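Printed here is start34.cif (mmCIF, C-alpha atoms):
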```
data_protein
loop_
_atom_site.label_atom_id
_atom_site.label_comp_id
_atom_site.auth_asym_id
_atom_site.auth_seq_id
_atom_site.Cartn_x
_atom_site.Cartn_y
_atom_site.Cartn_z
CA MET A 1034 0.00 0.00 0.00
CA GLN A 1035 1.31 3.42 -0.90
CA ASN A 1036 1.95 6.12 1.68
CA TRP A 1037 -0.97 8.56 1.71
CA GLN A 1038 0.36 10.88 4.40
CA GLY A 1039 0.49 14.44 3.13
CA LYS A 1040 -1.00 13.63 -0.29
CA ARG A 1041 -3.60 16.13 -1.56
CA TYR A 1042 -6.53 14.65 -3.49
CA TRP A 1043 -9.49 16.40 -5.05
CA LEU A 1044 -12.66 14.29 -4.84
CA VAL A 1045 -15.30 15.54 -7.24
CA GLY A 1046 -18.81 14.29 -6.49
CA ALA A 1047 -18.18 13.59 -2.83
CA SER A 1048 -21.29 14.90 -1.09
CA GLU A 1049 -23.26 11.62 -1.25
CA GLY A 1050 -23.00 7.88 -1.73
CA LEU A 1051 -19.78 6.39 -3.03
CA GLY A 1052 -17.93 9.72 -3.15
CA ARG A 1053 -18.67 10.43 0.49
CA ALA A 1054 -17.54 6.94 1.50
CA VAL A 1055 -14.30 7.26 -0.52
CA ALA A 1056 -13.58 10.57 1.24
CA HIS A 1057 -13.81 8.80 4.61
CA VAL A 1058 -11.51 5.96 3.52
CA MET A 1059 -8.88 8.31 2.12
CA SER A 1060 -9.03 10.64 5.10
CA ARG A 1061 -8.51 7.74 7.51
CA ALA A 1062 -5.48 6.69 5.43
CA GLY A 1063 -3.87 10.10 6.00
CA ALA A 1064 -4.57 11.93 2.76
CA GLU A 1065 -5.69 15.54 2.71
CA VAL A 1066 -8.95 15.60 0.80
CA ILE A 1067 -10.64 18.50 -0.92
CA VAL A 1068 -14.26 17.48 -1.53
CA SER A 1069 -16.46 19.03 -4.18
CA ALA A 1070 -20.08 18.91 -5.29
CA ARG A 1071 -22.89 21.45 -5.71
CA SER A 1072 -24.31 21.22 -2.18
CA GLU A 1073 -22.33 23.43 0.20
CA ASP A 1074 -24.29 22.21 3.22
CA ARG A 1075 -23.56 18.54 2.56
CA LEU A 1076 -19.89 19.30 1.90
CA LYS A 1077 -19.59 21.21 5.18
CA GLU A 1078 -21.12 18.26 7.02
CA LEU A 1079 -18.69 15.89 5.35
CA VAL A 1080 -15.62 17.98 6.18
CA ASP A 1081 -16.73 18.07 9.84
CA GLU A 1082 -17.05 14.25 9.82
CA LEU A 1083 -13.65 13.48 8.33
CA PRO A 1084 -10.84 12.56 10.74
CA GLY A 1085 -7.99 14.15 8.77
CA THR A 1086 -7.21 17.43 7.07
CA ALA A 1087 -10.08 18.32 4.77
CA SER A 1088 -11.69 21.25 3.02
CA PHE A 1089 -14.41 21.81 0.43
CA VAL A 1090 -14.92 23.70 -2.80
CA THR A 1091 -18.33 23.84 -4.43
CA VAL A 1092 -18.50 23.04 -8.14
CA ASP A 1093 -21.07 22.45 -10.85
CA VAL A 1094 -19.36 20.08 -13.28
CA ALA A 1095 -21.96 20.91 -15.96
CA ASP A 1096 -20.58 24.49 -16.04
CA MET A 1097 -17.09 25.01 -17.48
CA ASP A 1098 -16.58 28.32 -15.67
CA SER A 1099 -17.48 26.69 -12.36
CA VAL A 1100 -14.95 23.89 -13.00
CA LYS A 1101 -12.22 26.40 -13.90
CA GLN A 1102 -12.86 28.43 -10.75
CA ALA A 1103 -12.96 25.34 -8.53
CA ALA A 1104 -9.72 23.93 -9.98
CA ALA A 1105 -7.98 27.28 -9.42
CA GLN A 1106 -9.23 27.37 -5.83
CA VAL A 1107 -8.14 23.78 -5.14
CA GLY A 1108 -4.62 24.48 -6.38
CA GLN A 1109 -1.84 21.93 -6.70
CA ILE A 1110 -2.93 18.36 -6.03
CA ASP A 1111 -1.40 14.91 -6.16
CA GLY A 1112 -4.51 13.35 -7.61
CA VAL A 1113 -8.16 13.70 -8.59
CA VAL A 1114 -10.95 11.17 -8.19
CA TYR A 1115 -14.02 11.82 -10.34
CA LEU A 1116 -17.11 10.33 -8.67
CA ALA A 1117 -19.86 12.70 -9.83
CA GLY A 1118 -22.82 11.06 -11.51
CA VAL A 1119 -26.54 11.35 -12.15
CA TYR A 1120 -28.95 8.67 -13.26
CA TRP A 1121 -32.54 8.20 -14.29
CA PRO A 1122 -33.87 4.88 -15.63
CA MET A 1123 -35.06 5.60 -19.17
CA LYS A 1124 -36.34 3.53 -22.08
CA ALA A 1125 -36.05 4.66 -25.69
CA GLN A 1126 -39.86 4.79 -25.82
CA GLU A 1127 -39.85 7.24 -22.87
CA TRP A 1128 -37.00 9.50 -23.98
CA ASP A 1129 -36.51 12.64 -21.88
CA ASN A 1130 -34.01 14.99 -23.51
CA ASP A 1131 -33.44 17.05 -20.36
CA LYS A 1132 -32.48 13.99 -18.30
CA ALA A 1133 -30.44 12.39 -21.08
CA ASP A 1134 -28.55 15.65 -21.57
CA MET A 1135 -27.85 15.99 -17.85
CA MET A 1136 -26.44 12.44 -17.66
CA ALA A 1137 -24.09 13.27 -20.52
CA GLN A 1138 -23.13 16.61 -18.94
CA VAL A 1139 -22.32 15.23 -15.49
CA ASN A 1140 -21.21 11.65 -16.10
CA TYR A 1141 -18.97 12.21 -19.12
CA LEU A 1142 -18.45 15.87 -20.00
CA GLY A 1143 -17.99 16.82 -16.35
CA ALA A 1144 -15.14 14.33 -16.08
CA SER A 1145 -13.58 15.69 -19.27
CA ARG A 1146 -13.80 19.25 -17.94
CA VAL A 1147 -12.22 18.37 -14.58
CA VAL A 1148 -9.41 16.31 -16.13
CA GLY A 1149 -8.79 19.03 -18.71
CA GLU A 1150 -8.19 21.54 -15.92
CA VAL A 1151 -5.81 19.42 -13.80
CA ILE A 1152 -3.84 17.38 -16.31
CA PRO A 1153 -1.72 20.21 -17.81
CA HIS A 1154 -0.23 20.87 -14.36
CA MET A 1155 0.40 17.15 -13.83
CA VAL A 1156 2.15 16.89 -17.19
CA GLU A 1157 4.27 19.93 -16.35
CA ARG A 1158 5.26 18.46 -12.96
CA GLY A 1159 5.69 14.95 -14.30
CA ALA A 1160 3.49 13.47 -11.59
CA GLY A 1161 -0.18 12.88 -10.86
CA HIS A 1162 -2.97 10.38 -10.32
CA ILE A 1163 -6.34 10.42 -12.11
CA VAL A 1164 -9.17 8.06 -11.17
CA LEU A 1165 -12.42 8.00 -13.15
CA THR A 1166 -15.65 6.20 -12.24
CA GLY A 1167 -17.21 4.18 -15.03
CA SER A 1168 -19.84 1.48 -14.60
CA LEU A 1169 -20.54 -2.12 -15.54
CA SER A 1170 -23.40 -0.65 -17.59
CA GLY A 1171 -20.83 1.01 -19.86
CA PHE A 1172 -19.54 -2.23 -21.34
CA ARG A 1173 -22.53 -2.62 -23.66
CA GLY A 1174 -25.95 -1.00 -24.17
CA LEU A 1175 -28.66 -2.13 -21.75
CA PRO A 1176 -32.47 -1.84 -21.81
CA GLY A 1177 -33.85 1.10 -19.85
CA ALA A 1178 -30.46 2.79 -19.75
CA ILE A 1179 -30.77 5.52 -22.40
CA GLY A 1180 -28.31 8.25 -21.49
CA TYR A 1181 -26.63 6.47 -18.60
CA SER A 1182 -24.95 3.57 -20.42
CA ALA A 1183 -23.76 5.88 -23.20
CA SER A 1184 -22.33 8.44 -20.78
CA LYS A 1185 -20.44 5.77 -18.84
CA ALA A 1186 -19.19 4.12 -22.02
CA GLY A 1187 -17.85 7.50 -23.10
CA LEU A 1188 -16.10 8.02 -19.78
CA MET A 1189 -14.56 4.54 -19.91
CA ALA A 1190 -13.27 5.22 -23.43
CA LEU A 1191 -11.88 8.55 -22.22
CA ALA A 1192 -9.91 6.73 -19.52
CA GLU A 1193 -8.66 4.18 -22.06
CA SER A 1194 -7.45 6.90 -24.42
CA MET A 1195 -5.68 8.66 -21.55
CA GLN A 1196 -4.01 5.41 -20.56
CA ALA A 1197 -2.90 4.82 -24.14
CA ASP A 1198 -1.19 8.23 -24.14
CA LEU A 1199 0.18 8.17 -20.58
CA ARG A 1200 1.08 4.53 -19.96
CA THR A 1201 4.82 5.30 -20.13
CA HIS A 1202 4.42 8.65 -18.36
CA PRO A 1203 4.62 9.10 -14.56
CA ILE A 1204 0.96 10.17 -14.46
CA LYS A 1205 -1.11 7.22 -13.20
CA VAL A 1206 -4.51 6.75 -14.83
CA GLN A 1207 -7.14 4.38 -13.41
CA VAL A 1208 -10.79 3.59 -14.03
CA ILE A 1209 -13.24 1.79 -11.74
CA ASN A 1210 -16.38 0.11 -13.05
CA PRO A 1211 -18.77 -0.63 -10.19
CA GLY A 1212 -22.00 -2.58 -10.32
CA PHE A 1213 -25.03 -1.64 -8.24
CA ILE A 1214 -24.35 0.49 -5.15
CA LYS A 1215 -27.07 1.29 -2.63
CA THR A 1216 -27.55 5.05 -3.08
CA ARG A 1217 -30.31 7.54 -3.83
CA LEU A 1218 -29.62 6.86 -7.52
CA THR A 1219 -30.25 3.11 -7.41
CA ASP A 1220 -33.28 3.77 -5.20
CA LYS A 1221 -34.95 4.87 -8.46
CA ASN A 1222 -34.78 1.32 -9.86
CA ASP A 1223 -37.82 -0.95 -9.60
CA PHE A 1224 -36.00 -4.14 -10.61
CA ASN A 1225 -33.82 -6.68 -8.84
CA MET A 1226 -30.20 -5.52 -8.49
CA PRO A 1227 -27.86 -8.52 -8.06
CA PHE A 1228 -24.78 -8.18 -5.86
CA ILE A 1229 -25.78 -4.69 -4.71
CA MET A 1230 -23.12 -3.19 -2.44
CA THR A 1231 -23.07 -0.62 0.32
CA PRO A 1232 -21.17 2.61 -0.44
CA GLU A 1233 -18.67 1.66 2.26
CA ASP A 1234 -17.87 -1.73 0.71
CA ALA A 1235 -17.61 -0.16 -2.74
CA ALA A 1236 -15.30 2.57 -1.37
CA ASN A 1237 -12.95 -0.09 -0.03
CA GLU A 1238 -12.84 -1.64 -3.51
CA VAL A 1239 -12.01 1.77 -5.00
CA PHE A 1240 -9.27 2.46 -2.46
CA ASP A 1241 -7.74 -1.00 -2.93
CA HIS A 1242 -7.53 -0.25 -6.66
CA MET A 1243 -5.93 3.14 -6.00
CA ASN A 1244 -3.20 1.32 -4.07
CA ASP A 1245 -2.59 -0.99 -7.04
CA ASP A 1246 -0.80 -0.32 -10.32
CA ALA A 1247 -3.54 -1.87 -12.48
CA PHE A 1248 -5.39 0.41 -14.88
CA LYS A 1249 -8.92 -1.02 -14.64
CA LYS A 1250 -11.02 -2.64 -11.94
CA SER A 1251 -14.58 -3.93 -12.44
CA PHE A 1252 -16.54 -5.15 -9.43
CA PRO A 1253 -18.20 -7.09 -7.86
CA MET A 1254 -15.89 -9.57 -9.58
CA VAL A 1255 -18.35 -12.39 -10.32
CA PHE A 1256 -21.05 -9.97 -11.53
CA SER A 1257 -18.54 -8.13 -13.71
CA TRP A 1258 -17.68 -11.32 -15.62
CA LEU A 1259 -21.17 -11.26 -17.14
CA PHE A 1260 -20.69 -7.76 -18.53
CA ARG A 1261 -17.18 -8.34 -19.78
CA LEU A 1262 -18.15 -11.58 -21.49
CA SER A 1263 -21.13 -9.86 -23.12
CA GLN A 1264 -18.69 -7.88 -25.29
CA PHE A 1265 -17.79 -11.10 -27.09
CA MET A 1266 -21.37 -12.21 -27.73
CA PRO A 1267 -22.78 -11.86 -31.27
CA ASP A 1268 -25.61 -9.33 -31.49
CA TRP A 1269 -28.35 -11.94 -31.91
CA MET A 1270 -27.31 -13.67 -28.70
CA TYR A 1271 -26.72 -10.51 -26.68
CA TYR A 1272 -30.07 -8.88 -27.48
CA ARG A 1273 -31.95 -12.13 -26.96
CA LEU A 1274 -30.47 -12.34 -23.46
CA PHE A 1275 -30.41 -8.64 -22.51
CA GLY A 1276 -32.84 -6.89 -24.82
CA ALA A 1277 -36.52 -6.11 -24.21
CA LYS A 1278 -38.67 -9.20 -23.87
#
```
Now that the file is in, can you turn its structure into structure tokens?
Amino acid sequence: MQNWQGKRYWLVGASEGLGRAVAHVMSRAGAEVIVSARSEDRLKELVDELPGTASFVTVDVADMDSVKQAAAQVGQIDGVVYLAGVYWPMKAQEWDNDKADMMAQVNYLGASRVVGEVIPHMVERGAGHIVLTGSLSGFRGLPGAIGYSASKAGLMALAESMQADLRTHPIKVQVINPGFIKTRLTDKNDFNMPFIMTPEDAANEVFDHMNDDAFKKSFPMVFSWLFRLSQFMPDWMYYRLFGAK
């Protein structure tokens, strides 16, 4: 396990759920965390809860100016963990452009904006750590996932492109692809969610990955096999198994 004492990490999307749990894990490990989200009240509560050095900066990742201002306020960091995400279950027959647009803005474009602000400084220093949060739903299109699957697939491809460019560079790029996590987002689902995890258990998976040198981690492991194997299925088989019945 790497030494986290004195490391400064910016956690974007840390006011609720997985992000909040990751902030606790990293703070207990000795890292200084700067937590960001839109809700100032929730961020203040989180900073008061954390055992180590912590501060907050509000940000709206759907607004480029807000991201620029937040990154300037955060200053020099050793790493950034992008955990912001929004989700609504949505079928193609029930398309809602406002919700689909917001999922793209927060889940994918928000990550691109944040990384675009911090990576030039990491390249200049020759050091840095970038962690992006994908999803098992990003491996292949799923029913009822208009907007969400596409946004996560885009983010996962973004991480892969960054890794392709930076794999021989001292900047460490990682992506995590979780399954179902018990949060206010998954509370919107009205279907069975196999292997659903608590935010605390998922945060431990994330932190274990951050201590590793591997690029990608998909979890829960057994559940992730189904999604990874689906990429090799011919279309007729995949849509018969996963498509609308």
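This file gives the following result for the PyMOL selection byres ((chain A and resi 1062) around 9): Asn1036, Trp1037, Gln1038, His1057, Val1058, Met1059, Ser1060, Arg1061, Gly1063, Ala1064 and Gly1085 of chain A.
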### Spatial neighbours of region 1127-1138 of chain A, 8 Å, all atoms listed in the file, chain gap at least 4 places, as a PyMOL selection string
chain A and resi 1094-1095+1118-1121+1123+1142-1143+1179-1181+1183-1184
### Answer key for the PyMOL selection byres ((chain A and resi 1049-1051) around 7), residues as a PyMOL selection string
chain A and resi 1047-1048+1052-1055+1216+1232+1235-1236
Point (-4.9, 26.8, -10.9), cut-off 12 Å, counting all atoms listed in the file, residues as a short mmCIF file (atom, residue, chain, number, x, y, z; two decimals) with C-alpha atoms, in the coordinates of the input:
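Printed below is part32.cif as written:
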```
data_model
loop_
_atom_site.label_atom_id
_atom_site.label_comp_id
_atom_site.auth_asym_id
_atom_site.auth_seq_id
_atom_site.Cartn_x
_atom_site.Cartn_y
_atom_site.Cartn_z
CA VAL A 1100 -14.95 23.89 -13.00
CA LYS A 1101 -12.22 26.40 -13.90
CA GLN A 1102 -12.86 28.43 -10.75
CA ALA A 1103 -12.96 25.34 -8.53
CA ALA A 1104 -9.72 23.93 -9.98
CA ALA A 1105 -7.98 27.28 -9.42
CA GLN A 1106 -9.23 27.37 -5.83
CA VAL A 1107 -8.14 23.78 -5.14
CA GLY A 1108 -4.62 24.48 -6.38
CA GLN A 1109 -1.84 21.93 -6.70
CA ILE A 1110 -2.93 18.36 -6.03
CA VAL A 1147 -12.22 18.37 -14.58
CA GLY A 1149 -8.79 19.03 -18.71
CA GLU A 1150 -8.19 21.54 -15.92
CA VAL A 1151 -5.81 19.42 -13.80
CA ILE A 1152 -3.84 17.38 -16.31
CA PRO A 1153 -1.72 20.21 -17.81
CA HIS A 1154 -0.23 20.87 -14.36
CA MET A 1155 0.40 17.15 -13.83
#
```
### Task
Do a neighbour search on Ala1186 (chain A) at 12 Å with all atoms listed in the file, toss out local chain neighbours closer than 6 positions, and write the hits as a ChimeraX atom specification.
/A:1136-1137,1140-1142,1165-1175,1178-1180,1192-1193,1208,1210
### Query
What residues have an atom no more than 12 Å from (-21.7, -6.3, -22.2) in the file's own frame, counting all atoms listed in the file, and can you write them as a VMD selection string?
chain A and resid 1168 to 1176 1182 1186 1256 to 1268 1270 to 1272 1274 to 1276
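Coordinates place CA of Gly1046 (chain A) at a distance of 25.8 Å from CA of Lys1124 (chain A).
Non-sequential neighbours of region 1157-1163 of chain A (distance at most 10 Å, separation of 4 or more positions within a chain, only C-alpha atoms) are Tyr1042, Trp1043, Ile1110, Asp1111, Gly1112, Val1113, Val1114, Tyr1115, Val1148, Val1151, Ile1152, Pro1153, Ala1192, Met1195, His1202, Pro1203, Ile1204, Lys1205, Val1206, Gln1207, Val1208 and Met1243 of chain A.
Take CA of Val1139 (chain A) and CA of Val1090 (chain A): the distance between them is 17.0 Å.
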#### Entry: Between CA of Lys1040 (chain A) and CA of Ala1117 (chain A) - distance in Å to one decimal
21.2 Å
### Task
Determine the residue set returned by the PyMOL selection byres ((chain A and resi 1078) around 12) for the present structure, and present it as a ChimeraX atom specification.
/A:1047-1049,1053,1068,1072-1077,1079-1083,1087-1089
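The closest residue to Gln1035 (chain A), picked from A:Thr1086, A:Asp1241, A:Leu1199, A:Asp1234 and counting only C-alpha atoms, is A:Asp1241.
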